[in-house]
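*Asks:* One file is attached below, model.pdb, containing PDB, C-alpha atoms and all ligand atoms.
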```
ATOM      1  CA  MET A   1      19.616   5.077  -4.164  1.00  0.00           C
ATOM      2  CA  GLU A   2      17.498   3.533  -1.403  1.00  0.00           C
ATOM      3  CA  GLU A   3      13.807   4.311  -1.530  1.00  0.00           C
ATOM      4  CA  ARG A   4      12.544   6.643   1.153  1.00  0.00           C
ATOM      5  CA  ILE A   5       9.643   4.356   2.042  1.00  0.00           C
ATOM      6  CA  TYR A   6      10.536   1.021   3.625  1.00  0.00           C
ATOM      7  CA  GLN A   7       8.820  -1.891   5.275  1.00  0.00           C
ATOM      8  CA  ILE A   8       9.865  -4.074   8.183  1.00  0.00           C
ATOM      9  CA  ALA A   9       8.203  -7.489   8.347  1.00  0.00           C
ATOM     10  CA  ILE A  10       8.198  -9.394  11.652  1.00  0.00           C
ATOM     11  CA  ASP A  11       6.903 -12.946  11.816  1.00  0.00           C
ATOM     12  CA  GLY A  12       6.998 -15.558  14.525  1.00  0.00           C
ATOM     13  CA  PRO A  13       4.877 -17.716  16.836  1.00  0.00           C
ATOM     14  CA  SER A  14       2.497 -16.303  19.462  1.00  0.00           C
ATOM     15  CA  GLY A  15       4.024 -14.901  22.587  1.00  0.00           C
ATOM     16  CA  ALA A  16       7.429 -14.199  21.038  1.00  0.00           C
ATOM     17  CA  GLY A  17       6.939 -10.500  21.865  1.00  0.00           C
ATOM     18  CA  LYS A  18       6.341  -9.326  18.300  1.00  0.00           C
ATOM     19  CA  SER A  19       3.720  -6.687  19.006  1.00  0.00           C
ATOM     20  CA  THR A  20       5.361  -5.119  22.069  1.00  0.00           C
ATOM     21  CA  ILE A  21       8.665  -4.925  20.226  1.00  0.00           C
ATOM     22  CA  ALA A  22       7.188  -3.742  16.924  1.00  0.00           C
ATOM     23  CA  LYS A  23       5.326  -0.959  18.762  1.00  0.00           C
ATOM     24  CA  LYS A  24       8.556   0.259  20.357  1.00  0.00           C
ATOM     25  CA  VAL A  25      10.517   0.112  17.108  1.00  0.00           C
ATOM     26  CA  ALA A  26       7.711   1.976  15.312  1.00  0.00           C
ATOM     27  CA  ALA A  27       7.817   4.762  17.917  1.00  0.00           C
ATOM     28  CA  ILE A  28      11.610   5.065  17.671  1.00  0.00           C
ATOM     29  CA  LEU A  29      11.626   5.109  13.862  1.00  0.00           C
ATOM     30  CA  ASN A  30       8.475   7.224  13.704  1.00  0.00           C
ATOM     31  CA  ILE A  31       6.702   4.842  11.335  1.00  0.00           C
ATOM     32  CA  ASP A  32       3.291   3.106  11.505  1.00  0.00           C
ATOM     33  CA  TYR A  33       2.807  -0.180  13.313  1.00  0.00           C
ATOM     34  CA  ILE A  34       0.380  -2.659  11.756  1.00  0.00           C
ATOM     35  CA  ASP A  35      -0.744  -5.516  13.999  1.00  0.00           C
ATOM     36  CA  THR A  36      -2.168  -8.088  11.578  1.00  0.00           C
ATOM     37  CA  GLY A  37      -2.997 -10.555  14.377  1.00  0.00           C
ATOM     38  CA  ALA A  38      -5.427  -7.953  15.734  1.00  0.00           C
ATOM     39  CA  MET A  39      -7.189  -7.984  12.364  1.00  0.00           C
ATOM     40  CA  TYR A  40      -7.684 -11.785  12.503  1.00  0.00           C
ATOM     41  CA  ARG A  41      -8.868 -11.402  16.092  1.00  0.00           C
ATOM     42  CA  ALA A  42     -11.440  -8.788  15.024  1.00  0.00           C
ATOM     43  CA  ILE A  43     -12.815 -11.128  12.347  1.00  0.00           C
ATOM     44  CA  GLY A  44     -12.847 -14.009  14.857  1.00  0.00           C
ATOM     45  CA  TYR A  45     -14.784 -11.788  17.240  1.00  0.00           C
ATOM     46  CA  GLN A  46     -17.328 -10.901  14.580  1.00  0.00           C
ATOM     47  CA  ILE A  47     -17.782 -14.576  13.607  1.00  0.00           C
ATOM     48  CA  SER A  48     -18.373 -15.472  17.223  1.00  0.00           C
ATOM     49  CA  ARG A  49     -20.649 -12.512  17.978  1.00  0.00           C
ATOM     50  CA  GLU A  50     -22.795 -13.081  14.894  1.00  0.00           C
ATOM     51  CA  GLY A  51     -22.779 -16.850  15.316  1.00  0.00           C
ATOM     52  CA  VAL A  52     -21.514 -17.382  11.756  1.00  0.00           C
ATOM     53  CA  ASP A  53     -20.883 -21.013  10.822  1.00  0.00           C
ATOM     54  CA  MET A  54     -17.263 -21.093   9.595  1.00  0.00           C
ATOM     55  CA  GLU A  55     -18.082 -24.042   7.335  1.00  0.00           C
ATOM     56  CA  ASP A  56     -20.859 -22.135   5.576  1.00  0.00           C
ATOM     57  CA  ALA A  57     -19.028 -20.387   2.734  1.00  0.00           C
ATOM     58  CA  SER A  58     -21.924 -18.185   1.718  1.00  0.00           C
ATOM     59  CA  ALA A  59     -22.713 -16.985   5.279  1.00  0.00           C
ATOM     60  CA  LEU A  60     -19.021 -16.288   5.785  1.00  0.00           C
ATOM     61  CA  SER A  61     -18.686 -14.390   2.547  1.00  0.00           C
ATOM     62  CA  SER A  62     -21.735 -12.265   3.257  1.00  0.00           C
ATOM     63  CA  MET A  63     -20.452 -11.445   6.763  1.00  0.00           C
ATOM     64  CA  LEU A  64     -17.033 -10.517   5.323  1.00  0.00           C
ATOM     65  CA  SER A  65     -18.547  -8.251   2.689  1.00  0.00           C
ATOM     66  CA  GLU A  66     -20.284  -6.273   5.446  1.00  0.00           C
ATOM     67  CA  THR A  67     -17.299  -6.145   7.772  1.00  0.00           C
ATOM     68  CA  ASP A  68     -14.669  -3.466   7.873  1.00  0.00           C
ATOM     69  CA  VAL A  69     -11.518  -3.824   9.968  1.00  0.00           C
ATOM     70  CA  ASP A  70      -9.256  -0.859  10.551  1.00  0.00           C
ATOM     71  CA  LEU A  71      -6.372   0.057  12.839  1.00  0.00           C
ATOM     72  CA  HIS A  72      -6.335   3.594  14.076  1.00  0.00           C
ATOM     73  CA  GLY A  73      -4.252   5.273  16.779  1.00  0.00           C
ATOM     74  CA  GLY A  74      -3.475   1.931  18.403  1.00  0.00           C
ATOM     75  CA  LYS A  75      -7.151   0.925  18.388  1.00  0.00           C
ATOM     76  CA  VAL A  76      -8.783  -1.925  16.494  1.00  0.00           C
ATOM     77  CA  LEU A  77     -11.979  -0.808  14.818  1.00  0.00           C
ATOM     78  CA  LEU A  78     -14.618  -3.291  13.694  1.00  0.00           C
ATOM     79  CA  ASN A  79     -17.159  -1.460  11.545  1.00  0.00           C
ATOM     80  CA  GLY A  80     -16.051   1.665  13.384  1.00  0.00           C
ATOM     81  CA  GLU A  81     -16.510   0.149  16.866  1.00  0.00           C
ATOM     82  CA  ASP A  82     -13.501  -0.033  19.181  1.00  0.00           C
ATOM     83  CA  VAL A  83     -13.032  -3.748  20.019  1.00  0.00           C
ATOM     84  CA  SER A  84      -9.368  -3.476  21.129  1.00  0.00           C
ATOM     85  CA  ASP A  85      -9.939  -4.966  24.590  1.00  0.00           C
ATOM     86  CA  ARG A  86     -12.563  -7.539  23.671  1.00  0.00           C
ATOM     87  CA  ILE A  87     -10.282  -9.303  21.177  1.00  0.00           C
ATOM     88  CA  ARG A  88      -7.531  -9.950  23.757  1.00  0.00           C
ATOM     89  CA  THR A  89      -8.993 -12.999  25.493  1.00  0.00           C
ATOM     90  CA  PRO A  90      -7.913 -16.661  25.290  1.00  0.00           C
ATOM     91  CA  GLU A  91     -11.178 -17.438  23.475  1.00  0.00           C
ATOM     92  CA  MET A  92     -10.496 -14.794  20.830  1.00  0.00           C
ATOM     93  CA  SER A  93      -6.930 -16.122  20.441  1.00  0.00           C
ATOM     94  CA  ARG A  94      -8.452 -19.476  19.518  1.00  0.00           C
ATOM     95  CA  MET A  95     -11.079 -17.894  17.246  1.00  0.00           C
ATOM     96  CA  ALA A  96      -8.400 -15.872  15.451  1.00  0.00           C
ATOM     97  CA  SER A  97      -6.253 -18.942  14.910  1.00  0.00           C
ATOM     98  CA  ALA A  98      -9.256 -20.916  13.608  1.00  0.00           C
ATOM     99  CA  CYS A  99     -10.576 -18.248  11.251  1.00  0.00           C
ATOM    100  CA  SER A 100      -7.089 -17.425   9.952  1.00  0.00           C
ATOM    101  CA  ALA A 101      -7.090 -20.812   8.189  1.00  0.00           C
ATOM    102  CA  LEU A 102     -10.111 -19.801   6.063  1.00  0.00           C
ATOM    103  CA  PRO A 103      -9.114 -18.686   2.532  1.00  0.00           C
ATOM    104  CA  ALA A 104     -11.865 -16.033   2.323  1.00  0.00           C
ATOM    105  CA  VAL A 105     -10.704 -14.431   5.568  1.00  0.00           C
ATOM    106  CA  ARG A 106      -7.043 -14.416   4.536  1.00  0.00           C
ATOM    107  CA  GLN A 107      -7.826 -13.036   1.121  1.00  0.00           C
ATOM    108  CA  LYS A 108      -9.722 -10.093   2.570  1.00  0.00           C
ATOM    109  CA  LEU A 109      -7.193  -9.266   5.278  1.00  0.00           C
ATOM    110  CA  VAL A 110      -4.067  -9.674   3.147  1.00  0.00           C
ATOM    111  CA  GLU A 111      -5.526  -7.242   0.618  1.00  0.00           C
ATOM    112  CA  LEU A 112      -6.222  -4.706   3.389  1.00  0.00           C
ATOM    113  CA  GLN A 113      -2.735  -5.185   4.850  1.00  0.00           C
ATOM    114  CA  ARG A 114      -1.003  -4.609   1.523  1.00  0.00           C
ATOM    115  CA  ALA A 115      -3.053  -1.450   0.984  1.00  0.00           C
ATOM    116  CA  MET A 116      -2.086  -0.188   4.451  1.00  0.00           C
ATOM    117  CA  ALA A 117       1.621  -0.553   3.630  1.00  0.00           C
ATOM    118  CA  LYS A 118       1.467   0.842   0.137  1.00  0.00           C
ATOM    119  CA  SER A 119       2.383   4.465   0.527  1.00  0.00           C
ATOM    120  CA  LYS A 120       4.133   4.753   3.862  1.00  0.00           C
ATOM    121  CA  SER A 121       6.900   3.158   5.903  1.00  0.00           C
ATOM    122  CA  VAL A 122       5.551   0.509   8.239  1.00  0.00           C
ATOM    123  CA  ILE A 123       6.533  -2.221  10.618  1.00  0.00           C
ATOM    124  CA  MET A 124       4.033  -5.058  10.249  1.00  0.00           C
ATOM    125  CA  ASP A 125       3.880  -8.178  12.390  1.00  0.00           C
ATOM    126  CA  GLY A 126       2.093 -11.493  11.944  1.00  0.00           C
ATOM    127  CA  ARG A 127       2.724 -14.999  10.644  1.00  0.00           C
ATOM    128  CA  ASP A 128       2.996 -14.559   6.855  1.00  0.00           C
ATOM    129  CA  ILE A 129       4.262 -11.004   6.422  1.00  0.00           C
ATOM    130  CA  GLY A 130       7.728 -11.800   5.069  1.00  0.00           C
ATOM    131  CA  THR A 131       6.557 -14.880   3.158  1.00  0.00           C
ATOM    132  CA  ASN A 132       3.325 -13.566   1.643  1.00  0.00           C
ATOM    133  CA  VAL A 133       1.957 -10.115   2.532  1.00  0.00           C
ATOM    134  CA  LEU A 134       5.105  -8.028   2.003  1.00  0.00           C
ATOM    135  CA  THR A 135       7.487 -10.330   0.159  1.00  0.00           C
ATOM    136  CA  ASP A 136       9.520  -7.311  -0.982  1.00  0.00           C
ATOM    137  CA  ALA A 137       9.906  -5.827   2.511  1.00  0.00           C
ATOM    138  CA  ARG A 138      13.340  -4.266   2.878  1.00  0.00           C
ATOM    139  CA  TYR A 139      13.861  -5.919   6.292  1.00  0.00           C
ATOM    140  CA  LYS A 140      12.520  -9.271   7.428  1.00  0.00           C
ATOM    141  CA  ILE A 141      12.784 -10.598  10.954  1.00  0.00           C
ATOM    142  CA  TYR A 142      11.723 -13.942  12.363  1.00  0.00           C
ATOM    143  CA  LEU A 143      11.256 -13.523  16.103  1.00  0.00           C
ATOM    144  CA  THR A 144      10.942 -16.628  18.208  1.00  0.00           C
ATOM    145  CA  ALA A 145      11.497 -18.018  21.743  1.00  0.00           C
ATOM    146  CA  SER A 146      11.039 -21.408  23.396  1.00  0.00           C
ATOM    147  CA  VAL A 147       7.406 -22.426  23.919  1.00  0.00           C
ATOM    148  CA  GLU A 148       7.934 -22.567  27.715  1.00  0.00           C
ATOM    149  CA  GLU A 149       9.245 -19.011  27.813  1.00  0.00           C
ATOM    150  CA  ARG A 150       6.467 -17.733  25.527  1.00  0.00           C
ATOM    151  CA  ALA A 151       3.843 -19.417  27.720  1.00  0.00           C
ATOM    152  CA  ARG A 152       5.360 -17.852  30.868  1.00  0.00           C
ATOM    153  CA  ARG A 153       5.223 -14.375  29.278  1.00  0.00           C
ATOM    154  CA  ARG A 154       1.631 -14.786  28.100  1.00  0.00           C
ATOM    155  CA  TYR A 155       0.581 -16.238  31.501  1.00  0.00           C
ATOM    156  CA  LYS A 156       1.981 -13.174  33.294  1.00  0.00           C
ATOM    157  CA  GLU A 157       0.178 -10.880  30.875  1.00  0.00           C
ATOM    158  CA  LEU A 158      -3.163 -12.657  31.400  1.00  0.00           C
ATOM    159  CA  LEU A 159      -2.804 -12.627  35.206  1.00  0.00           C
ATOM    160  CA  GLU A 160      -2.134  -8.894  35.111  1.00  0.00           C
ATOM    161  CA  LYS A 161      -5.379  -8.506  33.183  1.00  0.00           C
ATOM    162  CA  GLY A 162      -7.239 -10.440  35.867  1.00  0.00           C
ATOM    163  CA  GLU A 163      -7.892 -13.598  33.787  1.00  0.00           C
ATOM    164  CA  THR A 164      -8.082 -16.854  35.750  1.00  0.00           C
ATOM    165  CA  VAL A 165      -5.856 -19.326  33.939  1.00  0.00           C
ATOM    166  CA  THR A 166      -3.084 -21.746  34.861  1.00  0.00           C
ATOM    167  CA  LEU A 167       0.382 -21.818  33.313  1.00  0.00           C
ATOM    168  CA  ASP A 168      -0.304 -25.363  32.045  1.00  0.00           C
ATOM    169  CA  GLU A 169      -3.461 -24.206  30.253  1.00  0.00           C
ATOM    170  CA  VAL A 170      -1.627 -21.298  28.642  1.00  0.00           C
ATOM    171  CA  GLU A 171       1.200 -23.561  27.493  1.00  0.00           C
ATOM    172  CA  ALA A 172      -1.197 -26.177  26.081  1.00  0.00           C
ATOM    173  CA  ASP A 173      -3.072 -23.443  24.231  1.00  0.00           C
ATOM    174  CA  MET A 174       0.147 -22.062  22.860  1.00  0.00           C
ATOM    175  CA  ARG A 175       1.331 -25.458  21.605  1.00  0.00           C
ATOM    176  CA  GLN A 176      -2.027 -25.964  19.905  1.00  0.00           C
ATOM    177  CA  ARG A 177      -1.868 -22.529  18.251  1.00  0.00           C
ATOM    178  CA  ASP A 178       1.741 -23.103  17.173  1.00  0.00           C
ATOM    179  CA  TYR A 179       0.603 -26.323  15.545  1.00  0.00           C
ATOM    180  CA  ASN A 180      -2.454 -24.750  13.836  1.00  0.00           C
ATOM    181  CA  ASP A 181      -0.569 -21.678  12.627  1.00  0.00           C
ATOM    182  CA  SER A 182       2.331 -23.633  11.177  1.00  0.00           C
ATOM    183  CA  HIS A 183       0.363 -26.559   9.710  1.00  0.00           C
ATOM    184  CA  ARG A 184      -2.535 -24.828   7.972  1.00  0.00           C
ATOM    185  CA  GLN A 185      -2.567 -25.157   4.209  1.00  0.00           C
ATOM    186  CA  LEU A 186      -2.647 -21.503   3.320  1.00  0.00           C
ATOM    187  CA  ASN A 187       0.377 -19.344   4.165  1.00  0.00           C
ATOM    188  CA  PRO A 188       1.437 -21.197   7.300  1.00  0.00           C
ATOM    189  CA  LEU A 189       3.888 -19.664   9.732  1.00  0.00           C
ATOM    190  CA  ARG A 190       7.448 -20.199   8.555  1.00  0.00           C
ATOM    191  CA  LYS A 191      10.649 -18.201   8.417  1.00  0.00           C
ATOM    192  CA  ALA A 192      11.214 -16.434   5.102  1.00  0.00           C
ATOM    193  CA  GLU A 193      14.490 -17.503   3.518  1.00  0.00           C
ATOM    194  CA  ASP A 194      15.767 -13.938   3.620  1.00  0.00           C
ATOM    195  CA  ALA A 195      14.639 -13.212   7.205  1.00  0.00           C
ATOM    196  CA  VAL A 196      17.064 -12.698  10.085  1.00  0.00           C
ATOM    197  CA  GLU A 197      16.146 -14.945  13.013  1.00  0.00           C
ATOM    198  CA  ILE A 198      16.164 -13.588  16.559  1.00  0.00           C
ATOM    199  CA  ASP A 199      15.659 -16.055  19.409  1.00  0.00           C
ATOM    200  CA  SER A 200      14.506 -13.953  22.355  1.00  0.00           C
ATOM    201  CA  THR A 201      14.363 -16.781  24.935  1.00  0.00           C
ATOM    202  CA  HIS A 202      17.269 -15.273  26.875  1.00  0.00           C
ATOM    203  CA  MET A 203      16.889 -11.661  25.767  1.00  0.00           C
ATOM    204  CA  ASN A 204      14.933  -8.828  27.306  1.00  0.00           C
ATOM    205  CA  LEU A 205      12.766  -6.373  25.425  1.00  0.00           C
ATOM    206  CA  GLU A 206      15.428  -3.689  25.122  1.00  0.00           C
ATOM    207  CA  GLN A 207      17.966  -6.153  23.747  1.00  0.00           C
ATOM    208  CA  VAL A 208      15.564  -7.297  21.023  1.00  0.00           C
ATOM    209  CA  VAL A 209      14.676  -3.708  20.101  1.00  0.00           C
ATOM    210  CA  GLU A 210      18.406  -2.870  19.908  1.00  0.00           C
ATOM    211  CA  ARG A 211      19.042  -5.873  17.683  1.00  0.00           C
ATOM    212  CA  ILE A 212      16.267  -4.838  15.284  1.00  0.00           C
ATOM    213  CA  LEU A 213      17.527  -1.245  15.129  1.00  0.00           C
ATOM    214  CA  GLU A 214      20.941  -2.680  14.313  1.00  0.00           C
ATOM    215  CA  ILE A 215      19.435  -4.794  11.507  1.00  0.00           C
ATOM    216  CA  VAL A 216      17.677  -1.781   9.981  1.00  0.00           C
ATOM    217  CA  GLY A 217      20.830   0.292  10.392  1.00  0.00           C
ATOM    218  CA  ARG A 218      19.461   2.924  12.776  1.00  0.00           C
TER     219      ARG A 218
HETATM  220  O1  LIG B 301      -0.493 -12.396  16.736  1.00  0.00           O
HETATM  221  P1  LIG B 301      -1.825 -12.832  17.351  1.00  0.00           P
HETATM  222  O2  LIG B 301      -1.672 -13.834  18.461  1.00  0.00           O
HETATM  223  O3  LIG B 301      -2.669 -11.676  17.753  1.00  0.00           O
HETATM  224  O4  LIG B 301      -2.583 -13.578  16.144  1.00  0.00           O
HETATM  225  C1  LIG B 301      -3.826 -14.223  16.315  1.00  0.00           C
HETATM  226  C2  LIG B 301      -3.972 -15.362  15.320  1.00  0.00           C
HETATM  227  O5  LIG B 301      -4.104 -14.823  13.997  1.00  0.00           O
HETATM  228  C3  LIG B 301      -2.797 -16.332  15.246  1.00  0.00           C
HETATM  229  O6  LIG B 301      -3.045 -17.501  15.987  1.00  0.00           O
HETATM  230  C4  LIG B 301      -2.656 -16.670  13.788  1.00  0.00           C
HETATM  231  C5  LIG B 301      -3.421 -15.622  13.055  1.00  0.00           C
HETATM  232  N1  LIG B 301      -2.570 -14.762  12.218  1.00  0.00           N
HETATM  233  C6  LIG B 301      -2.303 -15.190  10.934  1.00  0.00           C
HETATM  234  O7  LIG B 301      -2.718 -16.270  10.555  1.00  0.00           O
HETATM  235  N2  LIG B 301      -1.598 -14.388  10.096  1.00  0.00           N
HETATM  236  C7  LIG B 301      -1.128 -13.213  10.493  1.00  0.00           C
HETATM  237  N3  LIG B 301      -0.437 -12.448   9.642  1.00  0.00           N
HETATM  238  C8  LIG B 301      -1.365 -12.763  11.822  1.00  0.00           C
HETATM  239  C9  LIG B 301      -2.076 -13.581  12.672  1.00  0.00           C
END
```
Show the structure stored in the file as structure tokens.

*Replies:*
Amino acid sequence: MEERIYQIAIDGPSGAGKSTIAKKVAAILNIDYIDTGAMYRAIGYQISREGVDMEDASALSSMLSETDVDLHGGKVLLNGEDVSDRIRTPEMSRMASACSALPAVRQKLVELQRAMAKSKSVIMDGRDIGTNVLTDARYKIYLTASVEERARRRYKELLEKGETVTLDEVEADMRQRDYNDSHRQLNPLRKAEDAVEIDSTHMNLEQVVERILEIVGR
């Protein structure tokens, strides 16, 4: 008999649409959505705000021991403070990518993520969910799209938020993050062997959501 509780892991590069899609699927299936990228962003924000030297292991460890990251009702809470908007800037994207390579940061967040998925059905997105955080997830999806298409989507999003950036800058940033996220030593981005790959370059949001619902048999 299938267990009542199940997990859906979604990995893929930035801008592939993971969080928008995971949010929709979570609402349809009435399960929790866990945005692990937001957790790395929150830590990146704290490092930057407190001026912590990422090379200083003891300063980093003491900051981490005093830092709590939680996701609640779609909000990202850093020691109880709502930082949801402040972590969505190009600078925080870079900070998140940089701090996600630090073993102490990954260790703390992976532990929190596993605890969040322990006793309830969840859809969790990130870079290492199917390969590391939830290796036993019942469903694993690797969502990708061409770098040009991902840059166009992110550029549109940033313009709508009033950021002043060029498409070339966004694409260069994205290529750099792709490289960092897939070349770091610890749990780099890669497709889990048992993940189903979806290339969304020529698909719209609804089509990707449909495809995922099909994969999970709903
Ligand atoms: O999904 P995002 O763009 O919000 O993620 C921000 C950064 O966090 C991304 O560049 C890589 C890192 N990350 C990670 O290393 N592991 C995860 N599970 C999620 C995000």

*Asks:* Can you work out the spacing between CA of Val25 (chain A) and CA of Glu210 (chain A) in Å, to one decimal?

*Replies:* 8.9 Å

*Asks:* Have a look at A:Ala27, A:Val170, A:Ala96, A:Leu109 and name the one nearest to ligand LIG 301 (chain B); count all atoms listed in the file.

*Replies:*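 Checking each candidate against ligand LIG 301 (chain B), we get A:Ala96 as the closest.
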
*Asks:* Any idea what the distance is between CA of Leu213 (chain A) and CA of Thr144 (chain A)?

*Replies:*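 Those two atoms sit 17.0 Å apart.
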
*Asks:* What does the list of residues within 6 Å of ligand LIG 301 (chain B) look like if you count all atoms listed in the file, written as a list in words?

*Replies:*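 Taking all atoms listed in the file into account, the residues around ligand LIG 301 (chain B) at most 6 Å away are Ser14, Thr36, Gly37, Ala38, Tyr40, Arg41, Ser93, Ala96, Ser97, Ser100, Gly126, Arg127, Asp128, Ile129, Arg177 and Asp181 of chain A.
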
*Asks:* Restricting the calculation to all atoms listed in the file, which member of A:Asp35, A:Glu149, A:Glu91, A:Asp173 is positioned closest to Gly74 (chain A)?

*Replies:*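 Ranking A:Asp35, A:Glu149, A:Glu91, A:Asp173 by distance to Gly74 (chain A), first place goes to A:Asp35.
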
*Asks:* In terms of the shortest atom-to-atom distance over all atoms listed in the file, which of A:Asn79, A:Leu102, A:Ala26, A:Ile87 is closest to Glu55 (chain A)?

*Replies:*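 Ranking A:Asn79, A:Leu102, A:Ala26, A:Ile87 by distance to Glu55 (chain A), first place goes to A:Leu102.
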
*Asks:* Report, in Å with one decimal, the straight-line distance from CA of Gly51 (chain A) to CA of Arg175 (chain A).

*Replies:*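 About the pair CA of Gly51 (chain A) and CA of Arg175 (chain A): they are 26.4 Å apart.
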
*Asks:* Apply the PyMOL selection byres (((chain A and resi 104) around 12) and not hetatm) to the file shown and report the selected residues as a CSV table (one decimal) with C-alpha atoms, keeping the file's coordinate frame.

*Replies:*
```csv
chain,number,residue,atom,x,y,z
A,40,TYR,CA,-7.7,-11.8,12.5
A,43,ILE,CA,-12.8,-11.1,12.3
A,54,MET,CA,-17.3,-21.1,9.6
A,55,GLU,CA,-18.1,-24.0,7.3
A,56,ASP,CA,-20.9,-22.1,5.6
A,57,ALA,CA,-19.0,-20.4,2.7
A,58,SER,CA,-21.9,-18.2,1.7
A,59,ALA,CA,-22.7,-17.0,5.3
A,60,LEU,CA,-19.0,-16.3,5.8
A,61,SER,CA,-18.7,-14.4,2.5
A,62,SER,CA,-21.7,-12.3,3.3
A,63,MET,CA,-20.5,-11.4,6.8
A,64,LEU,CA,-17.0,-10.5,5.3
A,65,SER,CA,-18.5,-8.3,2.7
A,99,CYS,CA,-10.6,-18.2,11.3
A,100,SER,CA,-7.1,-17.4,10.0
A,101,ALA,CA,-7.1,-20.8,8.2
A,102,LEU,CA,-10.1,-19.8,6.1
A,103,PRO,CA,-9.1,-18.7,2.5
A,105,VAL,CA,-10.7,-14.4,5.6
A,106,ARG,CA,-7.0,-14.4,4.5
A,107,GLN,CA,-7.8,-13.0,1.1
A,108,LYS,CA,-9.7,-10.1,2.6
A,109,LEU,CA,-7.2,-9.3,5.3
A,110,VAL,CA,-4.1,-9.7,3.1
A,111,GLU,CA,-5.5,-7.2,0.6
A,186,LEU,CA,-2.6,-21.5,3.3
```

*Asks:* Choose the residue, out of A:Val209, A:Leu189, A:Ala145, A:Val216, that has the smallest atom-to-atom separation from Ala16 (chain A); count only C-alpha atoms.

*Replies:*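 Closest to Ala16 (chain A), using only C-alpha atoms: A:Ala145.
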